[in-house]
$ cat final24.txt   # compact mmCIF, C-alpha atoms
# COMPACT_ATOMS: atom_id res chain seq x y z
CA MET V 220 26.91 11.71 -27.38
CA LYS V 221 25.60 12.67 -30.80
CA THR V 222 27.92 14.73 -32.94
CA GLY V 223 25.33 17.13 -34.38
CA PHE V 224 22.75 19.33 -32.70
CA CYS V 225 19.45 17.64 -33.46
CA SER V 226 16.01 18.46 -32.14
CA LEU V 227 15.65 18.37 -28.36
CA ARG V 228 12.29 16.59 -28.69
CA GLY V 229 12.37 13.11 -27.20
CA ILE V 230 15.58 13.82 -25.33
CA GLY V 231 13.88 13.12 -21.98
CA SER V 232 13.47 9.42 -22.71
CA ALA V 233 17.06 9.17 -23.89
CA LEU V 234 18.32 10.89 -20.75
CA ILE V 235 16.32 8.49 -18.59
CA LEU V 236 18.05 5.53 -20.25
CA ILE V 237 21.47 7.16 -20.04
CA ASN V 238 21.06 7.96 -16.36
CA CYS V 239 19.89 4.46 -15.53
CA LEU V 240 22.88 2.92 -17.28
CA LEU V 241 25.37 5.28 -15.69
CA THR V 242 24.13 5.35 -12.13
CA GLU V 243 22.91 1.74 -12.01
CA HIS V 244 19.45 2.74 -10.74
CA LEU V 245 18.13 -0.33 -12.49
CA THR V 246 15.24 -0.69 -10.03
CA VAL V 247 13.98 2.89 -10.36
CA LEU V 248 10.33 2.73 -11.37
CA ALA V 249 7.70 5.28 -12.30
CA GLY V 250 6.99 7.18 -9.11
CA ASP V 251 10.49 6.93 -7.70
CA TRP V 252 12.34 10.14 -6.81
CA PRO V 253 15.68 8.76 -5.61
CA GLN V 254 17.86 11.87 -5.59
CA ILE V 255 18.05 15.61 -6.09
CA LEU V 256 15.81 16.78 -8.96
CA GLY V 257 14.40 13.31 -9.52
CA PRO V 258 15.45 10.20 -11.44
CA ASN V 259 17.69 12.06 -13.91
CA ARG V 260 18.63 15.15 -11.88
CA ASP V 261 16.75 17.35 -14.34
CA GLY V 262 13.48 18.10 -12.51
CA ARG V 263 11.47 15.78 -14.78
CA SER V 264 9.26 13.01 -13.42
CA VAL V 265 8.88 9.55 -14.90
CA GLY V 266 5.36 8.28 -15.64
CA GLU V 267 3.47 10.63 -13.29
CA GLN V 268 -0.10 11.70 -14.06
CA ILE V 269 -1.12 14.86 -12.24
CA ALA V 270 -4.29 16.93 -12.07
CA ASP V 271 -5.03 19.63 -14.63
CA SER V 272 -6.02 22.01 -11.83
CA PHE V 273 -6.62 22.19 -8.08
CA PRO V 274 -8.91 24.16 -5.73
CA SER V 275 -8.14 27.73 -4.65
CA ASP V 276 -7.00 26.44 -1.26
CA GLY V 277 -4.61 24.00 -2.90
CA PRO V 278 -4.39 20.26 -3.53
CA PRO V 279 -5.67 17.99 -0.74
CA LEU V 280 -3.32 17.71 2.22
CA VAL V 281 -2.47 14.03 2.80
CA TRP V 282 -0.34 14.48 5.91
CA GLU V 283 2.16 16.82 7.54
CA LEU V 284 5.11 16.60 9.92
CA SER V 285 6.98 19.06 12.08
CA VAL V 286 10.66 18.93 11.15
CA GLY V 287 13.89 20.58 12.19
CA ASP V 288 16.34 22.85 10.39
CA GLY V 289 17.58 22.15 6.91
CA LEU V 290 17.21 23.05 3.26
CA ALA V 291 17.22 19.52 1.87
CA GLY V 292 14.26 18.05 0.02
CA ALA V 293 13.09 14.46 0.27
CA ALA V 294 13.97 11.33 -1.71
CA ILE V 295 11.48 8.48 -2.25
CA VAL V 296 11.99 4.92 -3.53
CA SER V 297 9.76 1.84 -3.37
CA GLY V 298 7.49 2.79 -0.49
CA ARG V 299 10.12 4.50 1.60
CA GLY V 300 10.79 8.22 1.87
CA ILE V 301 13.94 9.80 3.30
CA LEU V 302 14.29 13.27 4.81
CA PHE V 303 17.52 14.79 6.14
CA HIS V 304 17.15 17.53 8.75
CA ARG V 305 18.59 18.80 12.04
CA ARG V 306 17.10 18.71 15.51
CA ASN V 307 19.09 20.54 18.18
CA ALA V 308 22.66 19.15 18.16
CA ASP V 309 22.02 16.25 15.75
CA GLU V 310 21.50 15.82 12.05
CA GLU V 311 18.75 13.24 11.63
CA LEU V 312 18.03 10.95 8.71
CA LEU V 313 14.32 10.10 8.88
CA ALA V 314 12.64 7.29 6.94
CA PHE V 315 8.89 7.74 6.53
CA HIS V 316 6.03 5.98 4.80
CA PRO V 317 5.21 8.06 1.70
CA GLU V 318 1.45 7.48 2.00
CA THR V 319 1.05 8.21 5.71
CA GLY V 320 4.14 10.08 6.89
CA LYS V 321 4.58 7.48 9.64
CA LYS V 322 8.16 7.08 10.82
CA GLN V 323 9.84 3.85 9.78
CA TRP V 324 13.25 4.52 11.33
CA ASP V 325 15.59 7.37 12.17
CA VAL V 326 19.32 7.69 12.75
CA HIS V 327 21.20 10.59 14.35
CA PHE V 328 24.64 12.10 13.76
CA PRO V 329 26.36 14.78 15.87
CA ALA V 330 26.15 18.12 14.04
CA SER V 331 28.77 20.85 14.21
CA TYR V 332 27.77 23.28 11.47
CA SER V 333 26.91 26.84 12.47
CA GLY V 334 25.73 29.13 9.68
CA SER V 335 27.54 32.45 9.32
CA ILE V 336 25.10 33.97 6.80
CA SER V 337 21.93 31.87 6.88
CA PRO V 338 20.37 31.25 10.31
CA ASP V 339 19.50 27.70 9.22
CA ASN V 340 22.04 25.18 10.56
CA GLY V 341 20.61 22.04 8.98
CA PRO V 342 21.80 19.95 6.03
CA ARG V 343 21.47 21.32 2.51
CA CYS V 344 21.93 18.19 0.38
CA VAL V 345 19.07 15.94 -0.73
CA PRO V 346 19.72 12.31 0.33
CA LEU V 347 20.91 9.98 -2.43
CA ILE V 348 19.22 6.56 -2.56
CA HIS V 349 21.20 4.00 -4.53
CA LYS V 350 20.25 0.32 -4.60
CA ASP V 351 19.71 -0.61 -0.92
CA ARG V 352 21.58 2.35 0.59
CA VAL V 353 21.12 5.99 1.51
CA PHE V 354 23.97 8.49 1.31
CA ALA V 355 23.62 11.70 3.32
CA PHE V 356 26.05 14.64 3.07
CA GLY V 357 25.84 16.89 6.13
CA ALA V 358 26.30 20.66 6.25
CA ALA V 359 29.75 20.41 7.85
CA GLY V 360 31.01 17.88 5.30
CA GLN V 361 30.28 14.57 7.04
CA LEU V 362 29.18 11.84 4.63
CA HIS V 363 27.13 8.89 5.91
CA ALA V 364 26.12 5.60 4.30
CA ILE V 365 22.99 3.98 5.77
CA GLN V 366 21.09 0.77 5.06
CA LEU V 367 17.80 1.75 3.41
CA SER V 368 15.77 -1.08 4.91
CA ASP V 369 16.42 -0.46 8.61
CA GLY V 370 18.64 2.61 9.06
CA SER V 371 21.67 0.66 10.24
CA SER V 372 24.95 2.51 9.80
CA LEU V 373 27.38 1.22 7.17
CA TRP V 374 30.13 3.86 7.33
CA SER V 375 30.75 7.55 7.92
CA ARG V 376 33.64 9.89 7.29
CA ASN V 377 34.33 13.60 7.67
CA LEU V 378 35.29 14.66 4.16
CA TYR V 379 35.98 18.29 5.00
CA LYS V 380 38.36 17.23 7.75
CA ASP V 381 40.00 14.47 5.71
CA PHE V 382 40.49 16.59 2.59
CA LYS V 383 40.62 20.12 4.02
CA GLY V 384 37.32 21.19 2.50
CA SER V 385 35.66 24.50 3.33
CA GLU V 386 32.12 25.12 4.54
CA GLY V 387 32.03 28.26 2.38
CA TYR V 388 29.09 30.63 2.70
CA PHE V 389 26.34 28.12 3.50
CA GLY V 390 27.95 24.77 4.38
CA ALA V 391 28.23 21.70 2.16
CA GLY V 392 25.61 21.93 -0.57
CA SER V 393 26.64 19.77 -3.52
CA THR V 394 24.77 16.45 -3.43
CA PRO V 395 27.07 13.50 -4.32
CA ILE V 396 26.35 11.19 -7.25
CA ILE V 397 27.15 7.56 -8.07
CA VAL V 398 28.49 6.87 -11.56
CA ASP V 399 30.24 3.64 -12.60
CA ASP V 400 30.10 2.44 -8.98
CA ARG V 401 32.03 5.49 -7.79
CA LEU V 402 30.57 7.84 -5.19
CA LEU V 403 31.68 11.26 -6.48
CA VAL V 404 31.80 14.33 -4.23
CA ASN V 405 32.71 17.97 -4.88
CA VAL V 406 34.67 18.42 -1.63
CA GLY V 407 36.59 21.51 -2.71
CA GLY V 408 39.81 20.65 -0.88
CA ALA V 409 43.16 22.05 -2.00
CA ASN V 410 46.24 20.16 -3.18
CA GLY V 411 44.44 17.76 -5.47
CA ASN V 412 41.42 17.19 -3.19
CA GLY V 413 38.83 19.16 -5.15
CA LEU V 414 36.89 16.13 -6.39
CA VAL V 415 36.93 12.86 -4.47
CA ALA V 416 35.70 9.42 -5.53
CA LEU V 417 34.83 6.89 -2.82
CA ASP V 418 33.93 3.23 -2.86
CA PRO V 419 30.23 3.29 -1.90
CA ASP V 420 30.61 -0.07 -0.13
CA ASN V 421 33.11 1.11 2.47
CA GLY V 422 33.89 4.82 1.99
CA GLN V 423 37.49 4.21 0.97
CA VAL V 424 39.14 6.65 -1.43
CA VAL V 425 39.35 5.47 -5.04
CA TRP V 426 40.86 8.64 -6.48
CA LYS V 427 41.29 12.38 -5.84
CA ALA V 428 41.60 15.01 -8.55
CA THR V 429 41.81 18.76 -9.25
CA ASP V 430 42.07 21.82 -7.05
CA GLU V 431 38.51 22.88 -7.86
CA GLY V 432 36.63 24.69 -5.10
CA ALA V 433 33.27 23.45 -3.88
CA SER V 434 29.99 24.86 -5.15
CA TYR V 435 26.29 24.40 -4.35
CA SER V 436 25.64 22.78 -7.71
CA SER V 437 25.20 19.01 -7.83
CA PRO V 438 26.95 16.90 -10.51
CA VAL V 439 25.13 14.96 -13.23
CA ALA V 440 25.93 11.89 -15.32
CA ALA V 441 26.43 12.02 -19.08
CA VAL V 442 27.67 9.98 -22.01
CA LEU V 443 30.43 11.65 -24.03
CA ASP V 444 31.46 9.89 -27.24
CA GLY V 445 30.10 6.63 -25.88
CA GLU V 446 31.95 6.85 -22.56
CA SER V 447 30.42 7.67 -19.18
CA ALA V 448 31.32 10.97 -17.56
CA ALA V 449 30.34 13.13 -14.62
CA ILE V 450 29.71 16.84 -15.18
CA PHE V 451 30.55 19.13 -12.26
CA VAL V 452 29.97 22.84 -11.82
CA THR V 453 32.55 23.86 -9.23
CA ARG V 454 33.37 27.24 -7.72
CA LEU V 455 34.83 28.67 -10.94
CA HIS V 456 34.47 26.05 -13.69
CA CYS V 457 32.34 23.43 -15.36
CA LEU V 458 34.26 20.25 -16.08
CA ALA V 459 33.79 16.66 -17.18
CA VAL V 460 35.65 13.87 -15.42
CA ARG V 461 35.97 10.18 -16.13
CA PRO V 462 34.37 8.40 -13.15
CA ARG V 463 36.65 5.39 -13.05
CA ASP V 464 39.92 7.34 -12.61
CA GLY V 465 39.17 11.07 -12.24
CA GLU V 466 40.78 12.16 -15.50
CA VAL V 467 39.56 15.62 -16.50
CA LEU V 468 38.16 15.37 -20.03
CA TRP V 469 37.56 19.10 -20.44
CA ARG V 470 37.06 22.28 -18.44
CA ILE V 471 35.44 25.64 -19.18
CA PRO V 472 35.39 28.76 -16.94
CA PHE V 473 32.08 29.41 -15.22
CA GLY V 474 31.57 31.57 -12.14
CA ALA V 475 33.23 34.59 -10.58
CA ARG V 476 35.38 35.31 -7.57
CA GLY V 477 34.00 37.29 -4.67
CA PRO V 478 30.58 36.93 -3.00
CA THR V 479 29.05 34.66 -5.65
CA VAL V 480 27.83 31.07 -5.77
CA ASN V 481 27.16 28.47 -8.46
CA ALA V 482 24.08 26.54 -7.35
CA ALA V 483 21.93 25.43 -10.31
CA THR V 484 22.50 21.88 -11.55
CA PRO V 485 23.98 21.60 -15.07
CA LEU V 486 21.65 20.30 -17.77
CA ILE V 487 22.83 17.97 -20.52
CA LEU V 488 20.82 18.65 -23.70
CA ASP V 489 21.83 16.28 -26.47
CA ASN V 490 25.53 17.03 -27.07
CA HIS V 491 25.39 20.34 -25.22
CA VAL V 492 25.52 21.58 -21.64
CA PHE V 493 23.46 24.46 -20.22
CA LEU V 494 24.65 26.36 -17.13
CA SER V 495 23.24 29.29 -15.21
CA ALA V 496 24.07 31.37 -12.16
CA SER V 497 23.24 34.81 -10.78
CA TYR V 498 25.61 37.49 -9.41
CA GLY V 499 26.43 38.81 -12.88
CA ILE V 500 27.46 35.38 -14.19
CA GLY V 501 24.40 34.58 -16.31
CA ALA V 502 23.96 31.59 -18.63
CA LEU V 503 26.28 29.56 -20.84
CA PHE V 504 25.43 27.05 -23.57
CA ALA V 505 28.24 24.93 -24.97
CA SER V 506 28.72 21.91 -27.22
CA VAL V 507 30.58 19.04 -25.56
CA SER V 508 32.28 15.80 -26.48
CA GLY V 509 34.62 13.36 -24.82
CA THR V 510 37.62 15.51 -25.64
CA GLY V 511 36.50 19.12 -25.57
CA VAL V 512 33.97 21.87 -25.01
CA ARG V 513 33.06 24.85 -27.22
CA LYS V 514 30.97 27.81 -26.12
CA VAL V 515 27.95 28.47 -28.34
CA TRP V 516 26.63 31.51 -26.47
CA ASP V 517 26.69 33.16 -23.07
CA ASN V 518 25.04 36.26 -21.62
CA ASN V 519 23.54 37.67 -18.44
CA GLU V 520 20.19 38.56 -19.99
CA THR V 521 18.59 35.23 -20.94
CA MET V 522 18.78 33.38 -17.61
CA SER V 523 20.48 34.35 -14.38
CA SER V 524 19.33 31.75 -11.85
CA GLN V 525 20.43 32.21 -8.26
CA TYR V 526 19.91 28.61 -7.16
CA THR V 527 17.00 27.00 -9.02
CA THR V 528 17.44 24.71 -12.04
CA CYS V 529 15.60 25.15 -15.34
CA VAL V 530 13.56 22.28 -16.79
CA LEU V 531 13.24 21.17 -20.40
CA HIS V 532 9.92 20.68 -22.17
CA GLY V 533 10.03 19.98 -25.88
CA GLU V 534 12.73 22.24 -27.31
CA HIS V 535 12.47 24.95 -24.66
CA LEU V 536 13.73 25.62 -21.15
CA TYR V 537 11.60 27.10 -18.35
CA GLY V 538 13.18 28.69 -15.29
CA VAL V 539 13.45 31.67 -12.96
CA HIS V 540 15.68 34.60 -13.88
CA GLY V 541 16.77 36.71 -10.92
CA ARG V 542 17.47 36.52 -7.20
CA ALA V 543 15.50 36.03 -4.02
CA ASP V 544 17.52 38.63 -2.10
CA GLY V 545 17.18 41.61 -4.38
CA GLY V 546 15.51 42.87 -7.53
CA GLU V 547 12.73 41.24 -9.50
CA SER V 548 12.55 37.54 -10.38
CA SER V 549 10.85 36.40 -13.58
CA LEU V 550 9.61 33.04 -14.82
CA ARG V 551 10.86 32.61 -18.38
CA CYS V 552 10.64 30.38 -21.40
CA PHE V 553 13.62 30.50 -23.75
CA ASP V 554 15.33 28.65 -26.57
CA PRO V 555 18.55 27.04 -25.27
CA LYS V 556 19.99 26.76 -28.78
CA THR V 557 20.03 30.54 -29.27
CA GLY V 558 19.39 32.13 -25.89
CA ASP V 559 16.30 33.89 -27.29
CA ILE V 560 13.65 34.70 -24.65
CA LEU V 561 10.20 33.65 -25.83
CA TRP V 562 8.25 35.14 -22.91
CA SER V 563 8.87 36.43 -19.39
CA ARG V 564 6.42 36.57 -16.47
CA ASP V 565 7.94 39.47 -14.55
CA GLY V 566 7.52 39.57 -10.78
CA PHE V 567 6.81 35.85 -10.57
CA GLY V 568 9.34 35.26 -7.78
CA VAL V 569 11.91 32.53 -7.21
CA ALA V 570 10.56 28.99 -7.57
CA HIS V 571 11.65 25.38 -7.91
CA ALA V 572 10.03 23.53 -10.82
CA ILE V 573 9.03 19.94 -11.54
CA LEU V 574 7.87 18.87 -15.00
CA ALA V 575 5.25 16.11 -14.90
CA ASP V 576 2.53 15.00 -17.30
CA ASP V 577 3.25 17.98 -19.60
CA LYS V 578 2.66 20.40 -16.75
CA LEU V 579 4.94 22.46 -14.51
CA LEU V 580 4.54 22.35 -10.74
CA LEU V 581 6.27 25.41 -9.29
CA ILE V 582 6.74 25.99 -5.56
CA LYS V 583 7.68 29.60 -4.91
CA ASP V 584 9.87 30.67 -2.02
CA ASP V 585 6.86 32.36 -0.39
CA GLY V 586 4.97 29.03 -0.23
CA MET V 587 2.73 29.61 -3.26
CA LEU V 588 2.18 26.53 -5.45
CA VAL V 589 1.54 27.32 -9.13
CA LEU V 590 0.50 24.91 -11.87
CA VAL V 591 1.53 26.01 -15.36
CA ARG V 592 1.10 24.47 -18.79
CA PRO V 593 4.44 24.82 -20.62
CA ASN V 594 3.71 26.84 -23.72
CA PRO V 595 6.46 28.56 -25.72
CA ARG V 596 3.99 31.15 -27.02
CA GLN V 597 2.69 32.50 -23.70
CA TYR V 598 2.47 32.07 -19.94
CA GLU V 599 -0.47 29.73 -19.24
CA GLU V 600 -1.40 29.36 -15.57
CA LEU V 601 -3.80 26.55 -14.62
CA ALA V 602 -4.04 27.01 -10.84
CA SER V 603 -2.34 28.55 -7.81
CA ALA V 604 -2.69 28.30 -4.04
CA GLN V 605 -0.85 29.25 -0.85
CA VAL V 606 0.20 25.87 0.58
CA LEU V 607 2.99 26.92 2.96
CA LYS V 608 3.33 30.09 5.02
CA LYS V 609 7.06 30.29 5.68
CA THR V 610 10.07 30.54 3.37
CA VAL V 611 10.57 27.58 1.07
CA ARG V 612 14.15 26.82 0.01
CA ALA V 613 14.10 23.00 -0.14
CA LEU V 614 13.58 21.25 -3.45
CA PRO V 615 10.21 19.53 -3.93
CA ALA V 616 9.79 15.81 -4.67
CA LEU V 617 7.04 14.07 -6.64
CA SER V 618 6.17 10.39 -6.24
CA ASP V 619 3.03 8.44 -7.15
CA GLY V 620 0.89 11.56 -7.44
CA ARG V 621 2.08 12.98 -4.12
CA LEU V 622 4.03 16.23 -3.91
CA TYR V 623 6.41 16.61 -0.95
CA LEU V 624 7.25 20.15 0.19
CA ARG V 625 8.94 21.69 3.21
CA ASP V 626 9.42 25.17 4.56
CA THR V 627 11.50 26.13 7.60
CA HIS V 628 9.86 23.62 9.97
CA ARG V 629 6.85 22.07 8.22
CA PHE V 630 6.97 19.06 5.87
CA ILE V 631 3.78 18.35 3.91
CA CYS V 632 2.45 15.83 1.43
CA LEU V 633 -0.14 16.99 -1.12
CA ASP V 634 -2.23 14.86 -3.44
CA VAL V 635 -1.68 16.27 -6.94
CA SER V 636 -2.70 13.11 -8.81
CA ARG V 637 -5.09 13.15 -11.74
CA PRO V 638 -8.62 12.20 -10.55

$ encode --input "final24.txt" --output "structure tokens"
Amino acid sequence: MKTGFCSLRGIGSALILINCLLTEHLTVLAGDWPQILGPNRDGRSVGEQIADSFPSDGPPLVWELSVGDGLAGAAIVSGRGILFHRRNADEELLAFHPETGKKQWDVHFPASYSGSISPDNGPRCVPLIHKDRVFAFGAAGQLHAIQLSDGSSLWSRNLYKDFKGSEGYFGAGSTPIIVDDRLLVNVGGANGNGLVALDPDNGQVVWKATDEGASYSSPVAAVLDGESAAIFVTRLHCLAVRPRDGEVLWRIPFGARGPTVNAATPLILDNHVFLSASYGIGALFASVSGTGVRKVWDNNETMSSQYTTCVLHGEHLYGVHGRADGGESSLRCFDPKTGDILWSRDGFGVAHAILADDKLLLIKDDGMLVLVRPNPRQYEELASAQVLKKTVRALPALSDGRLYLRDTHRFICLDVSRP
């Protein structure tokens, strides 16, 4: 990565290139949403053009489906959408046509997870589409590889059983990533089984490393001093590992023991990393290289995100400060270089955000969809509408002008394209 902190403007295009090179998504096109938080795992779309507003009753509904339990959002690539959910005693991977919602295929796996805190027993991880395959990580730690074209099974293995992983508070919730042809998973097993790299072709172990506990944060790819790396936020740390052999390049404390979770995905901003969590942990901004990490600032006042991930627009980050289960949650704009808050929309509520066409699409946990123009000077709302009636936890997906949302048992597709 670059050695000096330059302007963050234009970093989105550079990150797109970096991610494509690292994860080999060489066929990802504008409109594809192949994994958690989109093409680059940063909540930013590629080439989308969306409307500047929508009616008071919301964008047009294209189609809807009744779905089972689960907190996982959809993934969409080349005319095929994938949703991971649970019906009765099975976790189901459903392939649907993005334009119609019509089922293309489905495949079922026996499910054993039973939530101790959340009543939802379905999968938490967004499916990962890579080349011609789908990888699905179930709530009890089972990992499945499926052929994208027809749903045929390639391999499955129980990672929590094989590597003594723990379901923690809410089951497995860290979506795997592929970097340098290694399928990397934050399993959280003891005795050197914290991070596991598998061969995506057959599920065989390539390496195991660290005693890091599992988190609900998903890893991202980066380039550090010209070499590919994977950045993980685990139970108590953020660390960079070399994908080919699992060597830990650096590690910095992040998190706290006790009833806390790390859930937001780390953001790579030029030669820096931004992290955030709630539960008194707050935010951390650090400079990184291939050999070390240095904290620039940290506090619990700028951004304390319980599980949503901030998005970058220009030189500023936009995200939700606060928790869904207590206190007030605020939508904020802040400067990641300094931690300075530029504005705060108090009482906004918890929301997932997608940046597209210089606009923010925010789906709140109460089912309210809000369209905001990112403006570092003030909060600028363009439209809002109640589009779902039950609690929304799953991440949204955006593909070819269609926004995919789900609440507890309803999966909808909205037309948010520019007329």

$ residues_around --input "final24.txt" --residues "V:Asp369" --least-positions-apart "2" --cutoff "12 Å" --atoms "only C-alpha atoms" --output "list in words"
Arg299, Ile301, Leu312, Leu313, Ala314, Phe315, Lys322, Gln323, Trp324, Asp325, Val326, Asp351, Arg352, Val353, Ile365, Gln366, Leu367, Ser371, Ser372 and Leu373 of chain V

$ residues_around --input "final24.txt" --residues "stretch 419-423 of chain V" --least-positions-apart "4" --cutoff "7 Å" --atoms "only C-alpha atoms" --output "PDB file with C-alpha atoms, in the frame of the given file"
ATOM      1  CA  TRP V 374      30.130   3.860   7.330  1.00  0.00           C
ATOM      2  CA  ARG V 401      32.030   5.490  -7.790  1.00  0.00           C
ATOM      3  CA  LEU V 402      30.570   7.840  -5.190  1.00  0.00           C
TER       4      LEU V 402
END

$ atom_distance --input "final24.txt" --atom1 "atom CA of V:Thr627" --atom2 "atom CA of V:Asp584"
10.8 Å

$ closest_residue --input "final24.txt" --among "V:Ile295, V:Ile573, V:Leu590, V:Leu290" --to "V:Gly357" --atoms "all atoms listed in the file"
V:Leu290

$ atom_distance --input "final24.txt" --atom1 "atom CA of V:Trp562" --atom2 "atom CA of V:Val480"
26.3 Å

$ closest_residue --input "final24.txt" --among "V:Gly546, V:Pro593, V:Pro279, V:Gly341" --to "V:Ala308" --atoms "only C-alpha atoms"
V:Gly341

$ residues_around --input "final24.txt" --residues "V:Gly411" --least-positions-apart "2" --cutoff "6 Å" --atoms "all atoms listed in the file" --output "list in words"
Ala409, Gly413, Ala428, Thr429 and Asp430 of chain V

$ closest_residue --input "final24.txt" --among "V:Asn340, V:Ser506, V:Asn490, V:Ser548" --to "V:Ala291" --atoms "all atoms listed in the file"
V:Asn340

$ residues_around --input "final24.txt" --residues "stretch 266-268 of chain V" --least-positions-apart "5" --cutoff "10 Å" --atoms "all atoms listed in the file" --output "list in words"
Leu248, Ala249, Gly250, Asp251, Leu574, Ala575, Asp576, Asp577, Lys578, Leu617, Ser618, Asp619, Gly620, Arg621, Val635, Ser636, Arg637 and Pro638 of chain V

$ atom_distance --input "final24.txt" --atom1 "atom CA of V:Ile500" --atom2 "atom CA of V:Thr521"
11.1 Å

$ closest_residue --input "final24.txt" --among "V:Leu607, V:Thr319, V:Trp252, V:Glu547" --to "V:Val296" --atoms "all atoms listed in the file"
V:Trp252

$ residues_around --input "final24.txt" --residues "V:Val539" --least-positions-apart "6" --cutoff "12 Å" --atoms "all atoms listed in the file" --output "MDAnalysis selection string"
chainID V and resid 483 495:497 501:502 520:530 547:553 562:572 581:584

$ closest_residue --input "final24.txt" --among "V:Ser437, V:Thr453, V:Ser368, V:Ser285" --to "V:Phe473" --atoms "all atoms listed in the file"
V:Thr453

$ closest_residue --input "final24.txt" --among "V:Glu431, V:Asp276, V:Glu600, V:Asp381" --to "V:Pro472" --atoms "only C-alpha atoms"
V:Glu431
